[in-house]
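Each remark here refers to the structure printed beneath this line.
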There are 2 protein chains.
Amino acid sequence: MNAATDIPSLCRAARAASRELARVSVAQLNSALEQIAQALEANKAEIVAANAKDLATAKSKGLTGAMLQRLELNDKVYQQMVDGVRQIIALPCPLGEILFDRTRPNGLEIQKIRVPIGVIGIIYESRPNVTVDAAALCLKAGNAVVLRGGSEAIHSNLALATALQKGLAAAGLPAASVQLIATTDRDAITTLCQQSDTVDLLIPRGGYGLIKTVTENARMPVIKHFNGICHFYVHPKANFDMAEKIILNAKCQKPGVCNALEALLVDATIAETFLPRIVATLQKNGVEIRGDATVQKLGGAAVKLATEADWGTEYLDLILSVKVVANLTEAVAHMDKYGSHHSDGIITDDDAAAADFFRMMDSAALFWNASTRFNDGFEFGFGAEIGISTDKIHARGPMGLEELTSYKYLVRGNGQVRA
Amino acid sequence: MNAATDIPSLCRAARAASRELARVSVAQLNSALEQIAQALEANKAEIVAANAKDLATAKSKGLTGAMLQRLELNDKVYQQMVDGVRQIIALPCPLGEILFDRTRPNGLEIQKIRVPIGVIGIIYESRPNVTVDAAALCLKAGNAVVLRGGSEAIHSNLALATALQKGLAAAGLPAASVQLIATTDRDAITTLCQQSDTVDLLIPRGGYGLIKTVTENARMPVIKHFNGICHFYVHPKANFDMAEKIILNAKCQKPGVCNALEALLVDATIAETFLPRIVATLQKNGVEIRGDATVQKLGGAAVKLATEADWGTEYLDLILSVKVVANLTEAVAHMDKYGSHHSDGIITDDDAAAADFFRMMDSAALFWNASTRFNDGFEFGFGAEIGISTDKIHARGPMGLEELTSYKYLVRGNGQVRA
């Protein structure tokens, strides 16, 4: 089943499975997730062997340390993956939630209730544990899922999908509720983009090339999980110690993720006092600084001159662009022009300035005196997330179980007709 | 300004305007809507003259009565259009609403608040009053709007857009908040579909050709307002008088709209008793019946034999397809296969059957003993609507002010960093 490469028929099977899933109880969905956790435990040897194959291929192709690390299902990652499924079981199921309930003057009772979306296609790169995380979240919200992982993880993903399907079958739910596109052919993505009759939503998680292919070809709704060009603006009334702590955390704690800091804007009023200090601290922590002329002047010889391209770059590395701005308005204009409206922040002790920033700037999450690294479903208290949406339609920012649902209206009458 | 045919620059101007709109107060948005209502009153003569030009062209092209009627801005329609703007002023503004507010264990305060989407593109056909309705709704929710109406209404739409822009300017808001694409060239739609850098959402309202063009070409999110292939299933325990009243209303009260009935499914148990009666009543009201073999046998000589194509057809006319089904499960399977999941209903006095129908069927709105014609924003008590979404992402069913918003997270800290 999971070896299917005929994408239209694979999506049709997922569609049929989604009709069944939409009608089962929450207890059945949870029981299927428990069977999946057990199947992952029972089939660990085969899955790890498949992963070893992918790792060997990756090494032979000269993949670097970080890339190899992302690909590896070692004991710790494997256990986290299984634990993750059980954490999803423990989350409250959003299905059936009554979002709205009212009786109209003519006696009609109107309820709005949460239902599954249907079939969700997810396109992602490298890390094979995403196969399990994404499938478990979609299933918990009553959705079937069509997965397309990175070609370098193909053997791992096939073995994982087999275990997922075994778990579903053991729970008496259709194995086709989880479908993995088994071909590593890049045309598979454009073919998947055509399946609007059977796939309700596509979620591409990745870089520019993938996002471009999907937005140009998809005929169904798409929610992009794209880049985070995140900024901090340091206001004249900032507490410098706090600013330093937050900026260091946002840039250095995990530089390869979408909510890490990529650009720092310092108010001109405090440039002479704050800039030499923050530049030195960042450099001591291994961060390369690319600044404008003022930053170069105040920050010392190791500061590189930023090019126009730097302002719009998501480095995902220990590099930071730094610029002096005249005021809050200029800071917001810069973020607006060069940022990706993912996570942006202000550091200030001035309540009015923070309120202005919250009003003027439009990003998925805005931070006042806290690290952008908190833009995350777990940190927001939502539980597991499928990713962080960089779109404004349906889901913005952390996308968890609720965002994997739609709704329908139920209207109860006693013979009402329209005049 | 409104004569612009350079679509990319027109969308860029709307984007710039949207940044300003997102920062103004609700009072300013309402004052702009009042200025728009006054501008429509002050410029009525010019607008009606422009409409006369469109009507003359339409007549010379041999347009039929119903089409001409949709195009005409007579005194009654004109007044309704102006009143509609003032009704939108009276609606509560969703912007700034706090959707969620919590403090995390680490002290972070997280709020989720409603914000405008940004720039919304709306593509619609024939009726020129949509130009005003759609613009007023988008503006009330803080959005700029790019409008593309039908070519047969081009002079009316240009004159209306001029009045809208005068109203905006009089209120001190950017005139570019409302942009009308002035060319009737069909390539304009595909060009608009490319403007993903400046347009956040496209809403196509129309038939198959328009929806196909937009879904194949759009690179930004799309919410379709497409067809309604609406069904009723008459259950063995239906009250026949009620069934007759509801079916007549759903089919005949306004046959040209998306929530009108297009297909009737009658349970085999009651075919002999109910079918002759409902067929006769419908025929007496001018409805052509296209039935399966049983319906032909029981319904009399005037029943035409339905083809496979009939089951999936949105007639928008006094025609109804009628089929006998074995039970509720078969009824749901038929609706699922041939319907558009817009508005579907059951007529029964059996609570358990209705509950099964509500659980098994997935449509934007499901009706139990009430006419499908109630699937409408006003009837649901939401106030004005931009249309009825046939998608499941972001908005499903009636799409009003709330559905014209997005949200952002505001995170307040006192130096929190991520461990």
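All residue names refer to the structure tokens as shown: chains lettered A, B, ... in order, residues numbered from 1 in each chain, ligands numbered from 1 in order.
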
Please find the residues of chain B near chain A - the criterion being any atom within 8 Å, counting only C-alpha atoms - and write them as JSON, numbers by chain.
{"B": [22, 23, 104, 108, 110, 117, 200, 201, 215, 216, 217, 218, 219, 220, 221, 222, 242, 243, 245, 246, 249, 250, 253, 358, 359, 360, 362, 363, 364, 365, 366, 367, 368, 369, 370, 371, 373, 374, 380, 381, 392, 393, 394, 395, 396, 397, 406, 407, 408, 409, 410, 411, 412, 413, 414, 415, 416, 417, 418, 419]}

Pull the alpha helix (DSSP H) assignments for region 14-131 of chain B out of DSSP run on the backbone, and list those residues as a ChimeraX atom specification.
/B:14-21,26-42,44-60,65-71,75-90,129-131

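Between CA of Gln69 (chain A) and CA of Leu210 (chain A) lies a distance of 21.8 Å.
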
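The shell of residues at most 12 Å from Lys337 (chain B), with only C-alpha atoms counted and near chain neighbours (fewer than 3 positions) removed, consists of Arg15, Ala16, Arg19, Asp197 and Thr198 of chain A; Ile229, His231, Glu308, Trp311, Gly312, Glu330, Ala331, Val332, Ala333, His334, Ser340, His341, Met361 and Asp362 of chain B.
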
As a PyMOL selection string, please: the residues near Leu40 (chain A) (cut-off 9 Å, only C-alpha atoms, same-chain neighbours under 6 positions excluded).
chain A and resi 47+78+81-82+160+163-164+167

Write out as a PyMOL selection string each polymer residue whose atoms come within 12 Å of Tyr315 (chain B), counting only C-alpha atoms; drop sequence neighbours fewer than 5 positions from it.
chain B and resi 207+227-230+251+255-263+287-290+309-310+320-321

Would you export the selected residues with N, CA and C atoms as a compact mmCIF listing (two decimals), in the first residue's frame, please?
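Output file out_24.txt is given in full below:
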```txt
# COMPACT_ATOMS: atom_id res chain seq x y z
N GLY B 207 -19.11 31.19 -11.83
CA GLY B 207 -19.33 29.87 -12.39
C GLY B 207 -18.03 29.12 -12.65
N ASN B 227 -20.46 26.72 -6.55
CA ASN B 227 -21.84 26.31 -6.80
C ASN B 227 -22.51 25.60 -5.63
N GLY B 228 -23.82 25.60 -5.68
CA GLY B 228 -24.61 24.91 -4.66
C GLY B 228 -25.47 23.85 -5.33
N ILE B 229 -25.02 22.60 -5.24
CA ILE B 229 -25.85 21.49 -5.71
C ILE B 229 -26.47 20.90 -4.44
N CYS B 230 -27.62 21.46 -4.06
CA CYS B 230 -28.22 21.22 -2.74
C CYS B 230 -29.28 20.13 -2.82
N LYS B 251 -36.98 24.96 -3.63
CA LYS B 251 -36.84 24.91 -5.09
C LYS B 251 -37.34 26.19 -5.76
N PRO B 255 -35.11 30.39 -7.48
CA PRO B 255 -34.37 29.25 -8.04
C PRO B 255 -32.96 29.58 -8.53
N GLY B 256 -32.66 30.87 -8.76
CA GLY B 256 -31.38 31.22 -9.37
C GLY B 256 -30.24 31.41 -8.38
N VAL B 257 -30.39 30.99 -7.14
CA VAL B 257 -29.34 31.24 -6.15
C VAL B 257 -28.71 29.93 -5.67
N CYS B 258 -27.54 30.07 -5.00
CA CYS B 258 -26.73 28.88 -4.71
C CYS B 258 -27.33 28.01 -3.62
N ASN B 259 -28.23 28.54 -2.77
CA ASN B 259 -28.81 27.69 -1.72
C ASN B 259 -30.19 27.14 -2.10
N ALA B 260 -30.54 27.26 -3.39
CA ALA B 260 -31.79 26.67 -3.87
C ALA B 260 -31.60 25.16 -4.06
N LEU B 261 -32.70 24.43 -3.95
CA LEU B 261 -32.65 22.97 -4.08
C LEU B 261 -32.45 22.55 -5.54
N GLU B 262 -31.59 21.56 -5.73
CA GLU B 262 -31.35 21.06 -7.09
C GLU B 262 -31.67 19.58 -7.22
N ALA B 263 -31.70 18.86 -6.10
CA ALA B 263 -31.93 17.42 -6.18
C ALA B 263 -32.70 16.94 -4.96
N VAL B 287 -42.23 23.43 -12.08
CA VAL B 287 -40.93 22.77 -11.99
C VAL B 287 -40.88 21.56 -12.92
N GLU B 288 -39.84 21.49 -13.74
CA GLU B 288 -39.61 20.31 -14.57
C GLU B 288 -38.92 19.25 -13.73
N ILE B 289 -39.45 18.02 -13.77
CA ILE B 289 -38.89 16.93 -12.97
C ILE B 289 -38.07 16.00 -13.86
N ARG B 290 -36.82 15.74 -13.43
CA ARG B 290 -35.99 14.75 -14.11
C ARG B 290 -35.70 13.64 -13.11
N ALA B 309 -25.53 13.03 -15.91
CA ALA B 309 -25.12 14.43 -15.74
C ALA B 309 -26.09 15.21 -14.86
N ASP B 310 -27.38 14.83 -14.90
CA ASP B 310 -28.36 15.57 -14.10
C ASP B 310 -28.00 15.57 -12.62
N LEU B 320 -35.71 20.10 -11.31
CA LEU B 320 -35.28 19.35 -10.12
C LEU B 320 -34.98 17.91 -10.52
N SER B 321 -33.84 17.39 -10.08
CA SER B 321 -33.60 15.96 -10.28
C SER B 321 -34.14 15.23 -9.05
```

When DSSP is applied to the backbone of this structure, which of region 24-142 of chain A are assigned strand (DSSP E or B)? Write them out as a list in words.
Ile98, Leu99, Phe100, Asp101, Arg102, Thr103, Glu109, Ile110, Gln111, Lys112, Ile113, Arg114, Val115, Pro116, Val119, Ile120, Gly121, Ile122 and Ile123 of chain A

Go ahead and save the residues from that selection, with N, CA and C atoms, as an mmCIF file, in the first residue's frame.
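Contents of selection_3.cif, as written:
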```cif
data_model
loop_
_atom_site.group_PDB
_atom_site.id
_atom_site.type_symbol
_atom_site.label_atom_id
_atom_site.label_comp_id
_atom_site.auth_asym_id
_atom_site.auth_seq_id
_atom_site.Cartn_x
_atom_site.Cartn_y
_atom_site.Cartn_z
ATOM 1 N N ILE A 98 -18.554 22.865 19.995
ATOM 2 C CA ILE A 98 -19.585 23.789 19.519
ATOM 3 C C ILE A 98 -19.018 25.197 19.586
ATOM 4 N N LEU A 99 -18.827 25.789 18.422
ATOM 5 C CA LEU A 99 -18.169 27.093 18.345
ATOM 6 C C LEU A 99 -19.172 28.218 18.510
ATOM 7 N N PHE A 100 -20.443 27.852 18.399
ATOM 8 C CA PHE A 100 -21.467 28.878 18.280
ATOM 9 C C PHE A 100 -22.807 28.151 18.335
ATOM 10 N N ASP A 101 -23.760 28.713 19.035
ATOM 11 C CA ASP A 101 -25.048 28.050 19.236
ATOM 12 C C ASP A 101 -26.077 29.148 19.469
ATOM 13 N N ARG A 102 -26.988 29.314 18.563
ATOM 14 C CA ARG A 102 -27.998 30.356 18.785
ATOM 15 C C ARG A 102 -29.335 29.972 18.171
ATOM 16 N N THR A 103 -30.390 30.522 18.743
ATOM 17 C CA THR A 103 -31.722 30.318 18.194
ATOM 18 C C THR A 103 -32.180 31.634 17.564
ATOM 19 N N GLU A 109 -32.619 26.706 15.159
ATOM 20 C CA GLU A 109 -31.452 26.555 16.036
ATOM 21 C C GLU A 109 -30.227 26.341 15.163
ATOM 22 N N ILE A 110 -29.232 27.208 15.310
ATOM 23 C CA ILE A 110 -28.044 27.117 14.467
ATOM 24 C C ILE A 110 -26.827 26.836 15.331
ATOM 25 N N GLN A 111 -26.170 25.735 15.036
ATOM 26 C CA GLN A 111 -24.916 25.395 15.714
ATOM 27 C C GLN A 111 -23.791 25.360 14.701
ATOM 28 N N LYS A 112 -22.621 25.793 15.164
ATOM 29 C CA LYS A 112 -21.417 25.705 14.338
ATOM 30 C C LYS A 112 -20.487 24.746 15.070
ATOM 31 N N ILE A 113 -20.136 23.626 14.447
ATOM 32 C CA ILE A 113 -19.299 22.650 15.155
ATOM 33 C C ILE A 113 -18.047 22.313 14.358
ATOM 34 N N ARG A 114 -16.991 21.987 15.096
ATOM 35 C CA ARG A 114 -15.720 21.628 14.471
ATOM 36 C C ARG A 114 -15.795 20.255 13.829
ATOM 37 N N VAL A 115 -15.286 20.168 12.602
ATOM 38 C CA VAL A 115 -15.194 18.888 11.892
ATOM 39 C C VAL A 115 -13.793 18.786 11.277
ATOM 40 N N PRO A 116 -13.390 17.586 10.876
ATOM 41 C CA PRO A 116 -12.087 17.473 10.212
ATOM 42 C C PRO A 116 -12.082 18.250 8.896
ATOM 43 N N VAL A 119 -8.728 15.610 3.758
ATOM 44 C CA VAL A 119 -7.424 15.049 3.384
ATOM 45 C C VAL A 119 -6.407 16.193 3.353
ATOM 46 N N ILE A 120 -5.332 16.023 4.098
ATOM 47 C CA ILE A 120 -4.288 17.051 4.166
ATOM 48 C C ILE A 120 -3.007 16.489 3.565
ATOM 49 N N GLY A 121 -2.445 17.200 2.614
ATOM 50 C CA GLY A 121 -1.154 16.816 2.033
ATOM 51 C C GLY A 121 -0.048 17.609 2.707
ATOM 52 N N ILE A 122 1.001 16.912 3.131
ATOM 53 C CA ILE A 122 2.101 17.605 3.803
ATOM 54 C C ILE A 122 3.406 17.291 3.079
ATOM 55 N N ILE A 123 4.107 18.340 2.698
ATOM 56 C CA ILE A 123 5.363 18.182 1.968
ATOM 57 C C ILE A 123 6.462 18.743 2.860
#
```

Rank A:Met335, A:Val266, A:Ile181, A:Leu137 by their smallest atom-to-atom distance to Cys93 (chain A), using only C-alpha atoms, and report the top residue only.
A:Leu137
